[in-house]
Amino acid sequence: MKLFKKENHRNIVIVGCGRLGSALASNLSDQNENVLIVDCNEESLETLPQTYGGFSLEGDGTDTDILKLAGIQKADILIAATGDDNTNIMIAQIAKECFGVKTVVARVDDTSSDAVCSPIGIMAISPALLLFNEFKKVLGKNEEST
Amino acid sequence: MNILLVEGNQKTKFLIKALQTNDHHVVVVGQDYSWCKTLADTFEITAICGDGTKPYILKDAQANKMDIVIALGDEDSANLIVCELAKTQFHVKNVYAVINDPKNADLFKKLGVDKCVSTVQLFAEMVEQESIEDNIKKYLPIENGRVVICEVILDEKSPALNKKLWEIGFPPQSMISCVIRGEQTIIPQGNTKLSAGDKAIVISSSEVVNQVLSILTLKKSKR
């Protein structure tokens with residue numbers, strides 16, 4: 001844990017410490033951002049790599065008190081990266097509507113959920129859509145080479 | 001009216017019964033197949049088996065034709081999404097939700113849910129009302145309990161008897177707005193005296209309500 005808060009770096013709150021969340025957290029903290037990761041499961045937080053230089057907090061990310069504790073009022077970016085679409089969208093909405101976080105990104109598996117996110121300025125990233133695009137690229141190349 | 005209920009186990013059953021007796025047209029969405037089947041069989045209603053947070057399921061349930069959508073699920077996040085979809089995509093006029101964490105009430109309202117009910121909150125309010133003694137008959141919280149109105153019946157032991165109101169020394173932010181004495185209704189002034197058997201209607205802020213009640217009824221109410 002760092003003793004001095006880094007100035008001139010963005011404050012990033014990540015909710016959900018699964019594969020995506022923990023990878024993002026360690027990567028961003030390596031880039032010298034102020035990172036705090038929240039997960040309701042202590043064991044998930046233990047999966048963070050030893051080199052992770054940010055903070056971690058055990059608690060329910062949909063709870064506004066926990067988010068306040070995580071310093072969401074000062075956060076520049078919130079990333080909702082739990083495994084559940086609804087939870088992610090709810091967290092993203094809390095961040096956007098209640099705390100006015102500038103950049104809010106949510107992991108959303110179901111592409112149809114985008115309808116809820118985009119009108120209020122939440123960026124939704126869908127693993128399925130990314131996979132689809134990646135596959136299309138690969139298949140497209142193959143067609144060209146044959 | 002056309003009413004769509006989403007999830008909710010036992011709550012749904014009870015609600016369907018109540019709504020049907022009032023001649024409302026009810027449609028149910030739930031994820032559990034056998035649950036849907038039972039409801040469809042017992043109440044002869046349309047039951048759609050699927051995830052209510054998905055727009056295509058709500059479309060199947062003809063959410064666009066609904067007057068009211070009620071999300072009764074166990075997860076707040078799911079209920080929120082159901083309500084938002086109903087509101088934004090299907091233009092339902094009234095969307096209601098059950099919330100499990102009372103803290104979410106403000107958020108839900110902010111995001112366009114018309115009304116939300118929290119069981120825990122109701123219980124808390126009930127306990128609060130029960131814990132207040134017998135001489136306080138009615139207890140009415142206003143503005144989320146910031147202001148309360150209550151009806152206090154003064155018995156012989158009341159320390160406020162035979163004193164002029166200004167002598168009693170009520171805390172600021174509180175007043176006796178009305179005294180009912182038999183058939184008489186008195187709007188009290190500083191020199192009005194209270195007597196045993198009077199019903200006093202007290203308006204006060206929630207911070208000082210206990211103080212006021214202890215002045216009027218001897219026993220301290222627990223909180």
# chains A, B, ... in the order shown; residues from 1 in each chain; ligands from 1
>>> interface_residues(of="chain A", to="chain B", cutoff="9 Å", atoms="only C-alpha atoms", output="PyMOL selection string")
chain A and resi 62-65+85-91+93-94+97-98+110+112-113+115-116
>>> residues_around(residues="Leu4 in chain B", least_positions_apart="6", cutoff="9 Å", atoms="only C-alpha atoms", output="list in words")
His25, Val26, Val27, Val28, Val29, Ala61, Gln62, Ala63, Met66, Asp67, Ile68, Val69, Ile70 and Ala71 of chain B
>>> select_by_dssp(residues="range 59-216 of chain B", states="alpha helix (DSSP H)", output="PyMOL selection string")
chain B and resi 59-60+76-88+104-110+119-131+165-168+209-216
>>> write_last_selection(atoms="N, CA and C atoms", output="CSV table (one decimal), in the first residue's frame")
chain,number,residue,atom,x,y,z
B,59,LYS,N,-41.4,-7.6,-23.8
B,59,LYS,CA,-42.1,-7.4,-25.1
B,59,LYS,C,-43.1,-8.6,-25.2
B,60,ASP,N,-42.7,-9.8,-25.0
B,60,ASP,CA,-43.6,-11.0,-25.0
B,60,ASP,C,-44.8,-10.8,-24.1
B,76,ASP,N,-32.6,-6.2,-5.8
B,76,ASP,CA,-32.9,-4.8,-6.1
B,76,ASP,C,-32.4,-4.4,-7.5
B,77,SER,N,-31.2,-4.9,-7.9
B,77,SER,CA,-30.7,-4.5,-9.2
B,77,SER,C,-31.6,-5.0,-10.3
B,78,ALA,N,-32.1,-6.2,-10.2
B,78,ALA,CA,-33.0,-6.7,-11.2
B,78,ALA,C,-34.3,-5.9,-11.2
B,79,ASN,N,-34.8,-5.6,-10.1
B,79,ASN,CA,-36.1,-4.8,-10.0
B,79,ASN,C,-35.9,-3.4,-10.7
B,80,LEU,N,-34.7,-2.9,-10.4
B,80,LEU,CA,-34.5,-1.6,-11.0
B,80,LEU,C,-34.5,-1.6,-12.5
B,81,ILE,N,-33.8,-2.6,-13.0
B,81,ILE,CA,-33.7,-2.8,-14.5
B,81,ILE,C,-35.1,-3.0,-15.1
B,82,VAL,N,-35.9,-3.8,-14.4
B,82,VAL,CA,-37.3,-4.1,-14.9
B,82,VAL,C,-38.0,-2.8,-15.0
B,83,CYS,N,-37.9,-2.0,-14.0
B,83,CYS,CA,-38.7,-0.7,-13.9
B,83,CYS,C,-38.2,0.2,-15.0
B,84,GLU,N,-36.9,0.3,-15.1
B,84,GLU,CA,-36.3,1.3,-16.1
B,84,GLU,C,-36.7,0.9,-17.5
B,85,LEU,N,-36.6,-0.4,-17.8
B,85,LEU,CA,-37.0,-0.9,-19.1
B,85,LEU,C,-38.5,-0.6,-19.4
B,86,ALA,N,-39.3,-0.9,-18.4
B,86,ALA,CA,-40.7,-0.6,-18.6
B,86,ALA,C,-41.0,0.9,-18.8
B,87,LYS,N,-40.3,1.7,-18.1
B,87,LYS,CA,-40.5,3.1,-18.2
B,87,LYS,C,-40.0,3.7,-19.6
B,88,THR,N,-38.7,3.3,-19.9
B,88,THR,CA,-38.1,4.0,-21.0
B,88,THR,C,-38.4,3.3,-22.4
B,104,ASN,N,-31.9,2.1,-1.0
B,104,ASN,CA,-32.0,2.3,-2.4
B,104,ASN,C,-33.2,3.1,-2.8
B,105,ALA,N,-34.1,3.4,-1.8
B,105,ALA,CA,-35.3,4.1,-2.1
B,105,ALA,C,-35.1,5.4,-2.9
B,106,ASP,N,-34.1,6.2,-2.5
B,106,ASP,CA,-33.9,7.5,-3.1
B,106,ASP,C,-33.4,7.3,-4.6
B,107,LEU,N,-32.5,6.3,-4.7
B,107,LEU,CA,-31.9,6.0,-6.0
B,107,LEU,C,-33.0,5.6,-7.0
B,108,PHE,N,-33.9,4.7,-6.5
B,108,PHE,CA,-35.0,4.2,-7.3
B,108,PHE,C,-35.9,5.4,-7.8
B,109,LYS,N,-36.2,6.3,-6.9
B,109,LYS,CA,-37.0,7.4,-7.2
B,109,LYS,C,-36.3,8.3,-8.2
B,110,LYS,N,-35.1,8.5,-8.0
B,110,LYS,CA,-34.3,9.4,-8.9
B,110,LYS,C,-34.3,8.8,-10.3
B,119,THR,N,-40.0,-3.7,2.6
B,119,THR,CA,-40.6,-4.5,3.7
B,119,THR,C,-39.9,-4.2,5.0
B,120,VAL,N,-38.6,-4.1,5.0
B,120,VAL,CA,-37.8,-3.8,6.2
B,120,VAL,C,-38.3,-2.5,6.8
B,121,GLN,N,-38.4,-1.5,5.9
B,121,GLN,CA,-38.8,-0.2,6.3
B,121,GLN,C,-40.2,-0.2,7.0
B,122,LEU,N,-41.1,-0.9,6.3
B,122,LEU,CA,-42.4,-1.1,6.9
B,122,LEU,C,-42.4,-1.7,8.3
B,123,PHE,N,-41.5,-2.7,8.4
B,123,PHE,CA,-41.4,-3.4,9.7
B,123,PHE,C,-40.9,-2.4,10.7
B,124,ALA,N,-39.8,-1.6,10.3
B,124,ALA,CA,-39.2,-0.7,11.3
B,124,ALA,C,-40.3,0.3,11.7
B,125,GLU,N,-41.1,0.8,10.8
B,125,GLU,CA,-42.1,1.8,11.1
B,125,GLU,C,-43.1,1.1,12.1
B,126,MET,N,-43.5,-0.1,11.8
B,126,MET,CA,-44.4,-0.8,12.6
B,126,MET,C,-43.9,-1.0,14.0
B,127,VAL,N,-42.7,-1.4,14.1
B,127,VAL,CA,-42.1,-1.6,15.5
B,127,VAL,C,-42.1,-0.2,16.2
B,128,GLU,N,-41.8,0.8,15.5
B,128,GLU,CA,-41.8,2.1,16.1
B,128,GLU,C,-43.1,2.5,16.6
B,129,GLN,N,-44.2,2.2,15.8
B,129,GLN,CA,-45.5,2.5,16.3
B,129,GLN,C,-46.0,1.6,17.5
B,130,GLU,N,-45.6,0.4,17.4
B,130,GLU,CA,-46.0,-0.6,18.5
B,130,GLU,C,-45.3,-0.2,19.8
B,131,SER,N,-44.1,0.3,19.7
B,131,SER,CA,-43.3,0.5,20.9
B,131,SER,C,-43.9,1.7,21.7
B,165,LEU,N,-50.3,26.0,29.0
B,165,LEU,CA,-49.4,25.4,28.0
B,165,LEU,C,-48.0,26.1,28.0
B,166,TRP,N,-48.0,27.4,28.2
B,166,TRP,CA,-46.7,28.1,28.2
B,166,TRP,C,-45.8,27.8,29.4
B,167,GLU,N,-46.5,27.3,30.5
B,167,GLU,CA,-45.7,26.9,31.6
B,167,GLU,C,-45.0,25.5,31.5
B,168,ILE,N,-45.6,24.7,30.6
B,168,ILE,CA,-45.1,23.3,30.4
B,168,ILE,C,-43.7,23.4,29.8
B,209,VAL,N,-39.7,14.5,19.2
B,209,VAL,CA,-41.0,13.9,19.5
B,209,VAL,C,-41.1,13.1,20.8
B,210,ASN,N,-40.0,12.4,21.1
B,210,ASN,CA,-39.9,11.6,22.4
B,210,ASN,C,-40.0,12.5,23.6
B,211,GLN,N,-39.3,13.7,23.5
B,211,GLN,CA,-39.3,14.6,24.6
B,211,GLN,C,-40.7,15.1,24.8
B,212,VAL,N,-41.4,15.5,23.8
B,212,VAL,CA,-42.8,16.0,23.9
B,212,VAL,C,-43.6,14.9,24.5
B,213,LEU,N,-43.5,13.7,24.1
B,213,LEU,CA,-44.3,12.6,24.6
B,213,LEU,C,-44.1,12.4,26.1
B,214,SER,N,-42.8,12.5,26.5
B,214,SER,CA,-42.5,12.2,27.9
B,214,SER,C,-43.1,13.4,28.7
B,215,ILE,N,-43.2,14.6,28.2
B,215,ILE,CA,-43.8,15.7,28.9
B,215,ILE,C,-45.3,15.4,29.1
B,216,LEU,N,-45.9,14.8,28.1
B,216,LEU,CA,-47.3,14.6,28.2
B,216,LEU,C,-47.8,13.3,28.9
>>> atom_distance(atom1="CA of Leu39 in chain B", atom2="CA of Lys93 in chain B")
25.3 Å
>>> residues_around(residues="Val117 in chain B", least_positions_apart="2", cutoff="7 Å", atoms="only C-alpha atoms", output="list in words")
Ala97, Val98, Ile99, Lys115 and Thr119 of chain B
>>> closest_residue(among="A:Ala128, A:Met123, A:Leu139, A:Ala81", to="Val13 in chain A", atoms="only C-alpha atoms")
A:Ala81
>>> closest_residue(among="A:Asp60, A:Asp109, A:Glu46, A:Glu134", to="Ser22 in chain A", atoms="only C-alpha atoms")
A:Glu46
>>> atom_distance(atom1="CA of Gly100 in chain A", atom2="CA of Gly71 in chain A")
12.5 Å
>>> select_by_dssp(residues="range 31-199 of chain B", states="strand (DSSP E)", output="ChimeraX atom specification")
/B:46-49,68-71,94-99,115-118,136-142,147-153,174-181,184-186,199
>>> residues_around(residues="range 177-183 of chain B", least_positions_apart="6", cutoff="6 Å", atoms="only C-alpha atoms", output="list in words")
Asp198, Lys199, Ala200, Ile201 and Val202 of chain B
>>> atom_distance(atom1="CA of Leu67 in chain A", atom2="CA of Ser29 in chain A")
19.1 Å
>>> residues_around(residues="Lys102 in chain A", least_positions_apart="2", cutoff="10 Å", atoms="only C-alpha atoms", output="ChimeraX atom specification")
/A:75-78,95-96,99-100,104-105,121-122
>>> residues_around(residues="Val35 in chain A", least_positions_apart="6", cutoff="12 Å", atoms="only C-alpha atoms", output="PyMOL selection string")
chain A and resi 1-2+5-6+9-15+21-29+52-57+70-72+74-79
>>> closest_residue(among="B:Leu194, B:Leu19, B:Ile153, B:Val6", to="Gly73 in chain B", atoms="only C-alpha atoms")
B:Val6
>>> closest_residue(among="A:Leu69, A:Val138, A:Ile120, A:Leu129", to="Thr103 in chain A", atoms="only C-alpha atoms")
A:Ile120
>>> residues_around(residues="Ile203 in chain B", least_positions_apart="6", cutoff="7 Å", atoms="only C-alpha atoms", output="list in words")
Val148, Ile149, Cys150, Ser174, Met175, Ile176 and Ser177 of chain B
